[in-house]
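> Handing over data.pdb, PDB, C-alpha atoms.
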```pdb
ATOM      1  CA  MET A   1     -42.100  62.242 -35.255
ATOM      2  CA  GLN A   2     -44.742  60.867 -33.002
ATOM      3  CA  LYS A   3     -43.880  60.488 -29.345
ATOM      4  CA  ILE A   4     -46.083  58.387 -27.160
ATOM      5  CA  LEU A   5     -46.159  59.957 -23.741
ATOM      6  CA  MET A   6     -46.355  57.588 -20.845
ATOM      7  CA  SER A   7     -48.527  58.392 -17.896
ATOM      8  CA  GLY A   8     -47.515  61.220 -15.624
ATOM      9  CA  LEU A   9     -46.974  58.718 -12.860
ATOM     10  CA  ALA A  10     -44.511  56.683 -14.923
ATOM     11  CA  VAL A  11     -42.589  59.798 -15.853
ATOM     12  CA  ALA A  12     -42.419  60.971 -12.259
ATOM     13  CA  LEU A  13     -41.415  57.530 -11.055
ATOM     14  CA  MET A  14     -38.701  57.260 -13.636
ATOM     15  CA  ALA A  15     -37.404  60.744 -12.935
ATOM     16  CA  GLY A  16     -37.423  60.019  -9.226
ATOM     17  CA  ILE A  17     -35.378  56.893  -9.705
ATOM     18  CA  ALA A  18     -32.955  58.332 -12.156
ATOM     19  CA  PHE A  19     -32.348  61.670 -10.524
ATOM     20  CA  ALA A  20     -32.642  61.164  -6.822
ATOM     21  CA  GLY A  21     -32.588  57.470  -6.078
ATOM     22  CA  GLY A  22     -30.544  57.901  -2.936
ATOM     23  CA  GLY A  23     -27.191  59.491  -2.256
ATOM     24  CA  GLY A  24     -27.863  62.742  -4.097
ATOM     25  CA  LYS A  25     -28.708  63.635  -7.658
ATOM     26  CA  ILE A  26     -27.162  62.229 -10.775
ATOM     27  CA  LYS A  27     -25.650  64.921 -12.950
ATOM     28  CA  TRP A  28     -26.734  64.685 -16.590
ATOM     29  CA  GLU A  29     -25.046  66.330 -19.557
ATOM     30  CA  ASP A  30     -27.056  68.375 -22.029
ATOM     31  CA  GLY A  31     -28.256  66.425 -25.062
ATOM     32  CA  ARG A  32     -26.837  69.130 -27.295
ATOM     33  CA  LYS A  33     -23.364  67.856 -26.344
ATOM     34  CA  HIS A  34     -24.262  64.393 -27.696
ATOM     35  CA  ASP A  35     -21.684  64.294 -30.502
ATOM     36  CA  ALA A  36     -18.846  65.582 -28.324
ATOM     37  CA  LEU A  37     -19.761  63.128 -25.564
ATOM     38  CA  LEU A  38     -19.790  60.217 -28.027
ATOM     39  CA  ALA A  39     -16.275  61.228 -29.053
ATOM     40  CA  GLU A  40     -15.279  61.421 -25.385
ATOM     41  CA  ALA A  41     -16.723  57.956 -24.767
ATOM     42  CA  ASN A  42     -14.715  56.541 -27.640
ATOM     43  CA  ALA A  43     -11.540  58.186 -26.379
ATOM     44  CA  THR A  44     -11.932  57.238 -22.729
ATOM     45  CA  GLY A  45     -13.566  53.839 -23.231
ATOM     46  CA  LYS A  46     -16.579  54.754 -21.092
ATOM     47  CA  PRO A  47     -20.064  53.531 -21.993
ATOM     48  CA  LEU A  48     -22.962  55.984 -22.152
ATOM     49  CA  VAL A  49     -26.474  56.181 -20.803
ATOM     50  CA  LEU A  50     -29.040  58.256 -22.683
ATOM     51  CA  TYR A  51     -32.100  59.350 -20.736
ATOM     52  CA  PHE A  52     -34.942  60.363 -23.056
ATOM     53  CA  THR A  53     -37.439  62.466 -21.218
ATOM     54  CA  GLY A  54     -39.680  65.434 -21.385
ATOM     55  CA  GLU A  55     -38.733  66.410 -17.860
ATOM     56  CA  GLY A  56     -35.534  68.315 -18.671
TER      57      GLY A  56
ATOM     58  CA  MET B   1     -27.171  55.330  -7.318
ATOM     59  CA  VAL B   2     -24.997  58.362  -7.973
ATOM     60  CA  LYS B   3     -21.811  56.322  -7.532
ATOM     61  CA  SER B   4     -23.050  53.549  -9.816
ATOM     62  CA  ALA B   5     -23.771  56.157 -12.505
ATOM     63  CA  GLU B   6     -20.208  57.474 -12.418
ATOM     64  CA  GLY B   7     -18.987  54.654 -14.635
ATOM     65  CA  LEU B   8     -21.147  55.995 -17.458
ATOM     66  CA  ILE B   9     -21.238  59.196 -19.484
ATOM     67  CA  ARG B  10     -24.754  60.465 -18.815
ATOM     68  CA  ILE B  11     -26.783  62.373 -21.387
ATOM     69  CA  LEU B  12     -30.230  63.826 -20.857
ATOM     70  CA  VAL B  13     -32.149  63.938 -24.119
ATOM     71  CA  ASP B  14     -35.013  66.356 -23.779
ATOM     72  CA  ALA B  15     -38.139  66.239 -25.919
ATOM     73  CA  GLY B  16     -38.561  69.503 -27.759
ATOM     74  CA  LYS B  17     -34.850  70.346 -27.622
ATOM     75  CA  ASP B  18     -33.208  67.156 -28.857
ATOM     76  CA  ASP B  19     -35.804  65.688 -31.203
ATOM     77  CA  LYS B  20     -33.156  64.603 -33.705
ATOM     78  CA  LEU B  21     -31.777  62.233 -31.081
ATOM     79  CA  PHE B  22     -35.218  60.695 -30.544
ATOM     80  CA  SER B  23     -35.247  59.935 -34.291
ATOM     81  CA  LYS B  24     -31.637  58.787 -34.382
ATOM     82  CA  TYR B  25     -32.214  56.188 -31.662
ATOM     83  CA  GLY B  26     -35.780  55.327 -32.653
ATOM     84  CA  VAL B  27     -37.223  56.364 -29.310
ATOM     85  CA  ARG B  28     -40.972  56.878 -29.435
ATOM     86  CA  SER B  29     -41.925  56.898 -25.787
ATOM     87  CA  MET B  30     -40.771  58.601 -22.636
ATOM     88  CA  PRO B  31     -39.126  58.006 -20.347
ATOM     89  CA  THR B  32     -36.677  55.657 -22.065
ATOM     90  CA  ILE B  33     -33.129  54.846 -21.037
ATOM     91  CA  ILE B  34     -30.694  53.432 -23.596
ATOM     92  CA  PHE B  35     -27.147  52.275 -22.953
ATOM     93  CA  LEU B  36     -24.399  52.621 -25.552
ATOM     94  CA  GLY B  37     -20.925  51.141 -25.648
ATOM     95  CA  PRO B  38     -17.907  53.437 -26.048
ATOM     96  CA  ASP B  39     -18.129  52.850 -29.802
ATOM     97  CA  GLY B  40     -21.656  54.313 -29.851
ATOM     98  CA  LYS B  41     -23.376  50.984 -30.518
ATOM     99  CA  GLU B  42     -26.428  50.159 -28.447
ATOM    100  CA  ALA B  43     -25.574  47.990 -25.444
ATOM    101  CA  GLY B  44     -29.089  47.623 -24.055
ATOM    102  CA  LYS B  45     -32.162  49.321 -22.696
ATOM    103  CA  LEU B  46     -33.137  49.820 -19.089
ATOM    104  CA  ALA B  47     -35.367  46.881 -18.205
ATOM    105  CA  ASP B  48     -35.851  46.960 -14.446
ATOM    106  CA  ARG B  49     -37.064  50.340 -13.218
ATOM    107  CA  SER B  50     -36.882  49.641  -9.512
ATOM    108  CA  PRO B  51     -34.170  51.652  -7.721
ATOM    109  CA  ASP B  52     -32.100  48.511  -7.098
ATOM    110  CA  GLY B  53     -32.655  47.371 -10.677
ATOM    111  CA  VAL B  54     -31.484  50.687 -12.134
ATOM    112  CA  LYS B  55     -28.397  50.655  -9.913
ATOM    113  CA  ARG B  56     -27.593  47.055 -10.863
ATOM    114  CA  GLN B  57     -27.978  47.727 -14.597
ATOM    115  CA  PHE B  58     -25.819  50.856 -14.435
ATOM    116  CA  GLU B  59     -23.081  48.811 -12.757
ATOM    117  CA  GLU B  60     -23.425  45.849 -15.134
ATOM    118  CA  ILE B  61     -23.281  48.042 -18.234
ATOM    119  CA  ALA B  62     -20.193  49.820 -16.903
ATOM    120  CA  ALA B  63     -18.494  46.529 -15.987
ATOM    121  CA  LYS B  64     -19.259  44.828 -19.321
ATOM    122  CA  ASN B  65     -18.733  47.715 -21.699
ATOM    123  CA  THR B  66     -15.940  49.870 -20.302
ATOM    124  CA  ARG B  67     -12.948  49.690 -22.612
ATOM    125  CA  ALA B  68     -10.234  50.516 -20.108
ATOM    126  CA  PRO B  69      -8.058  48.693 -17.614
ATOM    127  CA  HIS B  70      -9.307  48.108 -14.101
ATOM    128  CA  TRP B  71      -7.222  50.821 -12.488
ATOM    129  CA  LEU B  72      -5.760  50.272  -9.050
ATOM    130  CA  ALA B  73      -4.535  53.198  -6.983
ATOM    131  CA  GLY B  74      -0.862  53.617  -6.187
ATOM    132  CA  ALA B  75       2.295  51.640  -6.875
ATOM    133  CA  ASP B  76       2.092  49.399  -3.795
ATOM    134  CA  ALA B  77      -1.372  48.099  -4.722
ATOM    135  CA  ALA B  78      -0.166  47.300  -8.228
ATOM    136  CA  LEU B  79       2.983  45.513  -7.092
ATOM    137  CA  SER B  80       1.102  43.505  -4.510
ATOM    138  CA  SER B  81      -1.475  42.387  -7.075
ATOM    139  CA  ALA B  82       1.084  41.812  -9.835
ATOM    140  CA  LYS B  83       3.299  39.503  -7.742
ATOM    141  CA  SER B  84       0.747  36.691  -7.808
ATOM    142  CA  GLY B  85       0.971  36.402 -11.624
ATOM    143  CA  PRO B  86       3.612  37.351 -11.907
ATOM    144  CA  LYS B  87       2.383  40.013 -14.277
ATOM    145  CA  PRO B  88       4.015  43.296 -15.143
ATOM    146  CA  ALA B  89       2.752  46.265 -13.161
ATOM    147  CA  VAL B  90       1.975  49.227 -15.391
ATOM    148  CA  LEU B  91       2.167  52.416 -13.361
ATOM    149  CA  PHE B  92       0.651  55.502 -14.922
ATOM    150  CA  PHE B  93       2.037  58.642 -13.298
ATOM    151  CA  GLY B  94      -0.326  61.444 -14.229
ATOM    152  CA  ASP B  95      -1.661  64.748 -13.044
ATOM    153  CA  ASP B  96      -4.843  66.666 -13.853
ATOM    154  CA  LYS B  97      -3.396  68.386 -16.922
ATOM    155  CA  PRO B  98      -4.758  67.650 -20.426
ATOM    156  CA  LYS B  99      -1.480  66.063 -21.504
ATOM    157  CA  SER B 100      -1.858  63.350 -18.862
ATOM    158  CA  LYS B 101      -5.504  62.759 -19.708
ATOM    159  CA  MET B 102      -4.761  62.491 -23.413
ATOM    160  CA  PHE B 103      -1.912  60.053 -22.820
ATOM    161  CA  GLN B 104      -4.012  57.943 -20.467
ATOM    162  CA  ASN B 105      -6.625  57.561 -23.217
ATOM    163  CA  LEU B 106      -4.223  55.368 -25.177
ATOM    164  CA  PHE B 107      -5.181  52.499 -22.849
ATOM    165  CA  SER B 108      -8.774  52.801 -24.127
ATOM    166  CA  ASP B 109      -7.824  52.900 -27.776
ATOM    167  CA  PRO B 110      -9.030  49.835 -29.707
ATOM    168  CA  THR B 111      -5.528  49.368 -31.138
ATOM    169  CA  PHE B 112      -4.100  49.039 -27.623
ATOM    170  CA  GLY B 113      -6.127  45.854 -27.221
ATOM    171  CA  ALA B 114      -8.435  44.894 -24.371
ATOM    172  CA  ASP B 115      -6.752  41.482 -24.096
ATOM    173  CA  LEU B 116      -3.884  43.112 -22.204
ATOM    174  CA  TYR B 117      -6.166  44.292 -19.394
ATOM    175  CA  GLU B 118      -5.958  40.829 -17.802
ATOM    176  CA  LYS B 119      -2.317  40.174 -18.631
ATOM    177  CA  ALA B 120      -0.874  43.083 -16.676
ATOM    178  CA  VAL B 121      -1.861  45.046 -13.581
ATOM    179  CA  PHE B 122      -2.607  48.714 -14.145
ATOM    180  CA  SER B 123      -2.424  51.418 -11.538
ATOM    181  CA  LYS B 124      -2.673  55.182 -11.472
ATOM    182  CA  VAL B 125      -0.132  57.050  -9.392
ATOM    183  CA  GLU B 126      -0.688  60.718  -8.729
ATOM    184  CA  PHE B 127       2.268  62.697 -10.019
ATOM    185  CA  LYS B 128       3.537  65.185  -7.496
ATOM    186  CA  LYS B 129       7.005  66.463  -8.124
ATOM    187  CA  ASP B 130       9.416  65.139  -5.478
ATOM    188  CA  SER B 131       6.768  62.983  -3.805
ATOM    189  CA  ASP B 132       8.058  59.799  -2.176
ATOM    190  CA  GLU B 133       6.621  57.617  -4.940
ATOM    191  CA  CYS B 134       8.038  59.803  -7.702
ATOM    192  CA  LYS B 135      11.446  59.839  -6.008
ATOM    193  CA  LYS B 136      11.366  56.092  -5.460
ATOM    194  CA  TRP B 137      10.596  55.399  -9.108
ATOM    195  CA  LYS B 138      12.689  58.331 -10.435
ATOM    196  CA  VAL B 139       9.697  59.871 -12.199
ATOM    197  CA  THR B 140      10.304  63.540 -12.912
ATOM    198  CA  GLU B 141       7.460  64.467 -15.214
ATOM    199  CA  ALA B 142       3.848  63.651 -16.031
ATOM    200  CA  PRO B 143       2.690  61.730 -17.849
ATOM    201  CA  THR B 144       5.045  58.786 -17.444
ATOM    202  CA  ILE B 145       4.288  55.105 -17.813
ATOM    203  CA  LEU B 146       6.511  52.795 -15.833
ATOM    204  CA  ILE B 147       6.498  49.064 -16.543
ATOM    205  CA  VAL B 148       7.650  47.218 -13.452
ATOM    206  CA  ASP B 149       8.718  43.637 -12.816
ATOM    207  CA  PRO B 150       7.120  42.829  -9.442
ATOM    208  CA  SER B 151       9.260  39.756  -8.734
ATOM    209  CA  ALA B 152      11.840  41.506  -6.564
ATOM    210  CA  GLU B 153      10.814  42.794  -3.131
ATOM    211  CA  GLU B 154      10.609  46.426  -4.167
ATOM    212  CA  GLY B 155       9.913  45.812  -7.853
ATOM    213  CA  THR B 156      12.276  46.531 -10.724
ATOM    214  CA  SER B 157      11.625  49.161 -13.324
ATOM    215  CA  LEU B 158      11.822  47.638 -16.797
ATOM    216  CA  LYS B 159      10.831  50.571 -18.942
ATOM    217  CA  SER B 160       9.917  54.228 -18.620
ATOM    218  CA  ILE B 161       7.673  55.633 -21.345
ATOM    219  CA  LYS B 162       6.904  59.326 -21.777
ATOM    220  CA  GLY B 163       5.184  59.227 -25.150
ATOM    221  CA  GLY B 164       4.130  56.983 -27.974
ATOM    222  CA  THR B 165       1.161  55.373 -29.602
ATOM    223  CA  PRO B 166      -1.243  52.759 -28.235
ATOM    224  CA  LYS B 167       0.530  50.177 -30.390
ATOM    225  CA  SER B 168       4.022  51.109 -29.232
ATOM    226  CA  VAL B 169       3.005  51.071 -25.554
ATOM    227  CA  ARG B 170       1.269  47.747 -26.120
ATOM    228  CA  LYS B 171       4.462  46.294 -27.570
ATOM    229  CA  GLU B 172       6.461  47.369 -24.520
ATOM    230  CA  ILE B 173       3.932  45.719 -22.197
ATOM    231  CA  GLU B 174       3.896  42.566 -24.338
ATOM    232  CA  ASP B 175       7.692  42.421 -24.132
ATOM    233  CA  ALA B 176       7.445  42.655 -20.334
ATOM    234  CA  ILE B 177       4.821  39.889 -20.256
ATOM    235  CA  LYS B 178       7.105  37.654 -22.314
ATOM    236  CA  LYS B 179      10.051  38.417 -20.079
ATOM    237  CA  LEU B 180       8.124  37.550 -16.920
ATOM    238  CA  SER B 181       6.722  34.343 -18.367
ATOM    239  CA  LYS B 182      10.204  32.875 -18.962
TER     240      LYS B 182
END
```
Represent the structure contained in this file as structure tokens.


Amino acid sequence: MQKILMSGLAVALMAGIAFAGGGGKIKWEDGRKHDALLAEANATGKPLVLYFTGEG
Amino acid sequence: MVKSAEGLIRILVDAGKDDKLFSKYGVRSMPTIIFLGPDGKEAGKLADRSPDGVKRQFEEIAAKNTRAPHWLAGADAALSSAKSGPKPAVLFFGDDKPKSKMFQNLFSDPTFGADLYEKAVFSKVEFKKDSDECKKWKVTEAPTILIVDPSAEEGTSLKSIKGGTPKSVRKEIEDAIKKLSK
């Protein structure tokens, strides 16, 4: 699979927004829990946000 | 930002560790943010990357895609809101034990039916044995669902439910809606 890396600035900007955009840091679950979290979303009715990054 | 993200289950997909997920969702560039509905179907991609834009999109996705009632807190809030319908007030007495969480999930089950979210008022009441609210409503165990007619000053309990399926609980709420609409 080919991944097109965006510029370092874009990555940093995005990470800055998503992780520390005011009021503390957002807690993200490990991608390895993806299947279990999908099942949890279906059970609890919560939508999901997937953050694809190379910053983890 | 953190608060607006709480309405979503948040997954960090890391290049090198989670490459299968990049393939699964067809993601070829980083960073990318994708939103999914509770059923796992794509609900959108992050468009506006400004801090305000991210916050707004998180909130919009949660508001549009959450398959659950809009929960109020406490019996009084539910009765007050339900009187204007009048709609039945559905009080969910729960604690932090798995049994309560599992039972609460029935409201998010597709067979429960999202159409009821607007036809009744839903509220969570913290179950504490012998608390004033539990004594008032004669609730002795968690989880318990109480369907209440809000017409009378203090509200009248119509049904107490301690178990069942999404469909059976739905039927009880539908019966209460019919009763109140007469």

> Quick check, in Å to one decimal: how far apart do CA of Lys101 in chain B and CA of Ile145 in chain B lie?

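Computing it gives 12.6 Å between the two atoms.
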
> Give me, as number ranges by chain, the residues of chain B touching chain A, with the criterion being at most 7 Å (counting all atoms listed in the file).

B: 1-2, 7-15, 18, 28-40, 51, 62, 65-68, 105, 108-109

> What is the CA of Val169 in chain B to CA of Ile147 in chain B distance in Å?

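Distance reported for this atom pair: 9.9 Å.
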
> Using CA of Lys99 in chain B and CA of Val139 in chain B as the two end points, give the distance in Å to one decimal.

15.8 Å

> Got a sec to resolve the PyMOL selection byres ((chain B and resi 95) around 8) on this structure and send the residues as a list in words?

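Taken over the shown coordinates, the PyMOL selection byres ((chain B and resi 95) around 8) returns Phe93, Gly94, Asp96, Lys97, Ser100, Lys101, Glu126, Phe127, Lys128, Ala142 and Pro143 of chain B.
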
> Show which residues sit within 10 Å of Glu174 in chain B, as a PyMOL selection string. Count all atoms listed in the file, and ignore same-chain residues fewer than 4 positions away.

chain B and resi 88+116+119-120+168-170+178-180

> Between B:Leu106, B:Val27, B:Val54, B:Ala75, which one has atoms that come closest to Ala5 in chain B, using only C-alpha atoms?

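Going through B:Leu106, B:Val27, B:Val54, B:Ala75 one by one, the smallest distance to Ala5 in chain B is for B:Val54.
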
> Write out as JSON, numbers by chain which residues come within 8 Å of Lys159 in chain B when counting all atoms listed in the file, dropping same-chain ones fewer than 5 positions away.

{"B": [146, 147, 148, 172]}

> Would you output that residue set with C-alpha atoms, as a compact mmCIF listing (two decimals), in the coordinates of the input?


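selection06.txt, freshly written:
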```txt
# COMPACT_ATOMS: atom_id res chain seq x y z
CA LEU B 146 6.51 52.80 -15.83
CA ILE B 147 6.50 49.06 -16.54
CA VAL B 148 7.65 47.22 -13.45
CA GLU B 172 6.46 47.37 -24.52
```

> Which one of B:Lys41, B:Pro98, B:Ser123, B:Arg56 sits closest to Ala73 in chain B if you count all atoms listed in the file?

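Looking only at the distances to Ala73 in chain B, the closest residue turns out to be B:Ser123.
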